[in-house]
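A.B. asks: Below is a structure I'd like to ask you about.
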Amino acid sequence: MEQTQKTIQDKIRQKAKELLSSKKVDLIIGFGEGTLPLRATPIFVRTPEEADRLIWNSFCENNLATYLHKLNQFKVGLVVKGCDARSVIALSHEKRFKPDQLFLIGVPCQRMVDRRKVQKAFEGEILRVSEQGDEITVEGEDFKKTLKREDFLYPSCRVCIHRNPVKADVLVGDPVEESSLVEVHPDVKEFEKMSPEERWRYFEKEASRCIRCYACREACPMCYCAECFVDSSNPKWIEKGLSPSDIDFYHIVRAYHQSGRCSGCGACERACPMEIKLTYLTQRLNQDVKEMFGFETGVDPDAPPPLSTYETEDRQEFIK
Amino acid sequence: MNEIATTNHHHEFIHMKNPYLPIPAVVKNALVETSDRMLRTLELRFLNEEDAQAFSFVPGQFCELSLLGKGEAPFGIASSPTEKGSLKFTINKAGVVTTALHHLEEGTEVGIRGPLGNGYPMDLFKGKNVLVIGGGFAFTTLRSLIAYFLHPENRNKVKDITVVYGARTPGLLLYKEELAEWQKRSDIKLVVTVDQGDKDWKGKVGLVPNVLEEAAPSSENTYAVICGPPVMIKFTFPKLMALRFPNERIYTSLEKRMKCGIGKCGRCNIGHLYVCKDGPVFSYAQLEKLPKDY
Amino acid sequence: MKLKLDKKNFIPFLQSLMDEYDLFAPVRLADGVSVYKKIDRPNEVDLSLRNTQKPAKEIFFPQSETMFRYEKAEKENRVTSTEEIKRNRVLLGARPCDIQAFALIDQVFAGKDYTDIYYLNKRKATTVIGMSCDHPLSTCFCSSLNGGPFHREGSDLFLTDLGESYLVELLTEKGMAFQKNKFFQKADDKELALAKGIEEKAAAKVKVSVPVDGIEKRLDQMVESPYWDRIQEKCLGCRVCTYLCPTCHCFDIVDEALTKKGRRVRNWDSCLSSLYSQETSGHNPRPTNRERTRQRLMHKFNYFPKNFDRIACVGCGRCILYCPGHFDIRQTIKEIQKGGEG
């Protein structure tokens, strides 16, 4: 596995150098070494020499597609995991960039490690991390332990069934085996077991920690409105303080705006400083879209998104 | 010290004065200034006599006008300190608060917080000539400045007063009554110009920068004050340079999005200076050293 | 004066505080997530996390705060200010970095021209019981900014965790008023030595590593530097760093209205928000992320020092830990000191 990671890393660098030298792209957005253990950081590379800063490991957790909106006047080479590639397809349906503007460097994803879960398993601060195949070795001031990667994956990664980028201009590794079809997302299954009152209490409790920092919104590639509904003053939908009903409104409406658009990448949850659970809402809505329209976000580059297309054969029995 | 104020307005004070509480005032008069109906001058008087007595300002200062339920917005004081009994503000209808201010009837209550800001450097102008250049509806505090110096008590504080004021059309000129009065006077040289005349317009037609060039006031011992839309300033500034005005003797009043108006909320900074507290009046010598954050 | 508080008595001690004061201390909201809150029950207090997510400035400068309530009427509008503090307060468990930040924000809100009465009333009414850091994180760089894990300035009382007890140092007049608290006992030499050892170990962990000397002058030369184009690339423009920063103090003022009644509120705001400096005319002096990130960094390391002679950063490291784009301000400072290279 470590061999594969290094191989992937080398291939990413090689491809990046190629694309930059031939001026096929203006820049590459990928991952570089983070300043903290358990972290990789988004980097923007513009010369072949800089391409050696690109890395690949189990901490490449960001969805880099969110940076495309700022750069839509450039030709961009983008390093994408399976989920990121789905976001790119969803964005292309929404005409967020021209067809030949992107070059997707697709990485068959080994699934990302939940850095918070790893840190929480230890009393002391983790100071060094190294990966060896299916294992991660963490070191602190007075401890050193080897963990199984499998036990510390992000929840969204554990249930991912689209690890291979659906549409990429190049694949920098051999495709990985996809998990057997997961009918219903486990978080959604858990949620559905609850009564409506329990569901509301669960949602309210999670949302009550919200500090309106909008990290979820900014980390999400699908949130790109020039004026978000929370910032509108005329009409003013909600206030800007910490009133629980306003916070609840924000999260519910943002989830609805993701219906059929969210790829389940989990970037929102990873960005949230208050560790609020978020993907269960969007995954539930995606489930509905799948059942009603037979559509799944970003897996078919040619399938038009159902909520922004009109066919005469559209279902209408729910219109009363 | 607990103070319960007079009958018309109920305030609860606790020892130090709370600078965020608006002082109650009432609309004495309102008139629409311009043909497009976008500019309206409100004349406000304080509800309580002691607030009126305590309010002392210099031209160039501004107030935050407060409408309960809508919010606040900053406006330059258009009336001069010599015009007692009321304060005048000219409001451009643009957003939530300004639209509400446009709909106020006489007798409605408005809150005032002020006077805020630094005002024009009146001490520096003493004994000097003053050149005032205004464009469009940026003329508000310039009215205050000119009216102040034209008052008999103050006229001999400065030497020559030259004013160049331009608007896009005659209908968009502010303070038409005052302009007519000032035209008649011999102790002020006033040139009013429009970009485009109409069939009744008998005055000058020409852009402010060109009219200024034509008037060619001397820069010797003269301070220039310029307020107007960015495009006007962009083209007028080189004319001032050509007339040899140094940056230290050119002043302007800046606008920026504000909230507290007292240098606490952080919003209106340009570099380390706050437009609400260290401005809104700045010399170009000061602005040269600051980031172009406006 | 140095006393000690046996951990066995911690809960009753908290109760004794709550009998006389409104107590504010860290409360755990979820595993790994804590904020400062007004304590309703003593066992809510959780000092186990290195540092909270939201900084202690919240106690004096709440994220959302009513300034006054109003009621509109035919002849008279009624405005009632909410500036009064009814009961004295104790802030327990704040770390030296957060406490240092109070002194910085004091300068903005006290000011010689106007007084922010909401902030100051709370400040005056509060006794600060600081808590030393026996295990600073690798992201802490307080010592580079005139602070340190045992920095006592700003604390009225100062606690050090000795394992079975807390060492309690009474540092100011406000602190000395607590010497009669029935749960404080005399600290013996062994305990004093233990505390000293912990302090030395902690100080050694946070070496001065971030070069801030002269950064203000550096930045004077860099206002139009292409560095700002590069540094803003991975910034998402969210508000995590601003809201978790102990020294950030920008706020918005809005009216929340029902038909006749309402209130004027202030809420935290961030200069990184795209609408922050947007004018009603449509003009925005900071139209892109480049201008906004420049503003934030210049404010902390150039503008604030110009006004108050101090850098507006206390090295708490929260922005490093929580930035979703994995921005590291220590790296930024080093790059700025090299004129934007690196």
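Chain labels A, B, ... are given in the sequence in which chains occur in the structure tokens; within each chain residues are numbered consecutively from 1, and ligands are likewise numbered from 1 in the order shown.
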Write out as JSON lines the residues of chain A that have any atom within 6 Å of an atom of chain C, one row each with the nearest atom pair and its distance in Å to one decimal, counting only C-alpha atoms, sorted by chain and then rising number.

C.D. replies:
```
{"residue": "A:Thr41", "atom": "CA", "partner": "C:His326", "partner_atom": "CA", "distance": 5.5}
{"residue": "A:Cys213", "atom": "CA", "partner": "C:Arg239", "partner_atom": "CA", "distance": 4.6}
{"residue": "A:Tyr214", "atom": "CA", "partner": "C:Cys238", "partner_atom": "CA", "distance": 5.6}
{"residue": "A:Ala215", "atom": "CA", "partner": "C:Cys238", "partner_atom": "CA", "distance": 5.1}
{"residue": "A:Glu218", "atom": "CA", "partner": "C:Leu236", "partner_atom": "CA", "distance": 5.7}
{"residue": "A:Gly241", "atom": "CA", "partner": "C:Ser64", "partner_atom": "CA", "distance": 5.4}
{"residue": "A:Ala271", "atom": "CA", "partner": "C:Pro324", "partner_atom": "CA", "distance": 4.7}
{"residue": "A:Pro273", "atom": "CA", "partner": "C:Tyr322", "partner_atom": "CA", "distance": 5.8}
{"residue": "A:Met274", "atom": "CA", "partner": "C:Val33", "partner_atom": "CA", "distance": 6.0}
```

A.B. asks: Filtering to C-alpha atoms, could you give me those residues as an mmCIF file, in the first residue's frame?

C.D. replies:
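Contents of selection.cif, freshly written:
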```
data_model
loop_
_atom_site.group_PDB
_atom_site.id
_atom_site.type_symbol
_atom_site.label_atom_id
_atom_site.label_comp_id
_atom_site.auth_asym_id
_atom_site.auth_seq_id
_atom_site.Cartn_x
_atom_site.Cartn_y
_atom_site.Cartn_z
ATOM 1 C CA THR A 41 -2.482 21.189 2.799
ATOM 2 C CA CYS A 213 -18.442 30.533 10.768
ATOM 3 C CA TYR A 214 -19.616 29.109 7.412
ATOM 4 C CA ALA A 215 -16.595 26.834 7.138
ATOM 5 C CA GLU A 218 -16.873 27.634 2.030
ATOM 6 C CA GLY A 241 -26.781 35.925 15.580
ATOM 7 C CA ALA A 271 -14.060 21.859 8.115
ATOM 8 C CA PRO A 273 -14.411 23.498 14.145
ATOM 9 C CA MET A 274 -17.277 22.447 16.409
#
```

A.B. asks: Extract, using only C-alpha atoms, all DNA, RNA and protein residues at most 10 Å from A:Gln5, discarding same-chain residues fewer than 5 positions from it, and format them as a VMD selection string.

C.D. replies: chain A and resid 10 to 11 55 to 58 109 to 110 131 to 133 173

A.B. asks: If you run DSSP on this backbone, which residues of stretch 19-228 of chain A come out as strand (DSSP E or B), and could you give them as a ChimeraX atom specification?

C.D. replies: /A:27-33,40-45,76-80,102-106,113,126-132,135-140,144-148,153,170-171

A.B. asks: Measure the distance from atom CA of A:Lys75 to atom CA of C:Thr332 in Å and round it to one decimal.

C.D. replies: 27.1 Å

A.B. asks: Select all residues from chain C having any atom no more than 6 Å from an atom of chain B (counting only C-alpha atoms, ignoring ligands), output as a list of chain:residue names.

C.D. replies: C:Glu76, C:Arg78, C:Val79, C:Ile117, C:Cys250, C:Phe251, C:Val254, C:Asp255, C:Ala257, C:Ser277, C:Glu279, C:Pro285, C:Tyr303

A.B. asks: In Å, with one decimal, what is the gap from atom CA of C:Ala25 to atom CA of C:Glu199?

C.D. replies: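 Here the two named atoms are 22.6 Å from each other.
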
A.B. asks: Any chance you could tabulate, as a tab-separated table, the residues of chain A at most 12 Å from chain B with each one's nearest atom pair and distance in Å to one decimal, using only C-alpha atoms, in chain and rising number order?

C.D. replies:
```
residue	atom	partner	partner_atom	distance
A:Ser232	CA	B:Val96	CA	11.8
A:Ser233	CA	B:Val96	CA	8.3
A:Asn234	CA	B:Val96	CA	7.7
A:Pro235	CA	B:Val96	CA	10.1
A:Lys236	CA	B:Val96	CA	10.8
```

A.B. asks: Keeping C-alpha atoms, export the residues of the selection given above as a compact mmCIF listing (two decimals), in the first residue's frame.

C.D. replies:
```txt
# COMPACT_ATOMS: atom_id res chain seq x y z
CA SER A 232 -29.42 38.59 2.09
CA SER A 233 -30.76 41.72 3.80
CA ASN A 234 -33.60 42.43 1.44
CA PRO A 235 -35.43 40.13 2.03
CA LYS A 236 -33.80 39.19 5.30
```

A.B. asks: Let me make sure I understand: among B:Leu150, B:Val130, B:Leu116, B:Val158, which one has the smallest atom-to-atom distance to B:Asp278 if we use only C-alpha atoms?

C.D. replies: B:Leu116

A.B. asks: With only C-alpha atoms as the counted atoms, please give the residues lying no more than 8 Å from C:Ser209, apart from itself and same-chain residues fewer than 3 positions off, as a list in words.

C.D. replies: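 Selected residues are Phe141, Ser144 and Val206 of chain C.
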
A.B. asks: Report as a list in words all protein, DNA and RNA residues lying within 9 Å of C:Gly154, evaluated on only C-alpha atoms, omitting residues in the same chain fewer than 3 positions from it.

C.D. replies: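 Counting only the stated atoms, we get Pro96, Ile99, Gln100, Phe102, Ala103, Val128, Gly130 and His151 of chain C.
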
A.B. asks: Would you mind listing what lies within 7 Å of stretch 76-90 of chain B as a ChimeraX atom specification, with only C-alpha atoms counted and same-chain residues fewer than 6 positions away left out?

C.D. replies: /B:39-45,57-63,140-141,143-145,147-148

A.B. asks: For A:Asp248, which of A:Ser208, A:Thr4, A:Gln287, A:Gln316 is the closest residue, counting only C-alpha atoms?

C.D. replies: A:Ser208

A.B. asks: Looking at A:Thr66, A:Ser263, A:Gln14, A:Ser92, which one is nearest to A:Asp302, with distances taken over only C-alpha atoms?

C.D. replies: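 Of all the options, A:Ser92 lies closest to A:Asp302.
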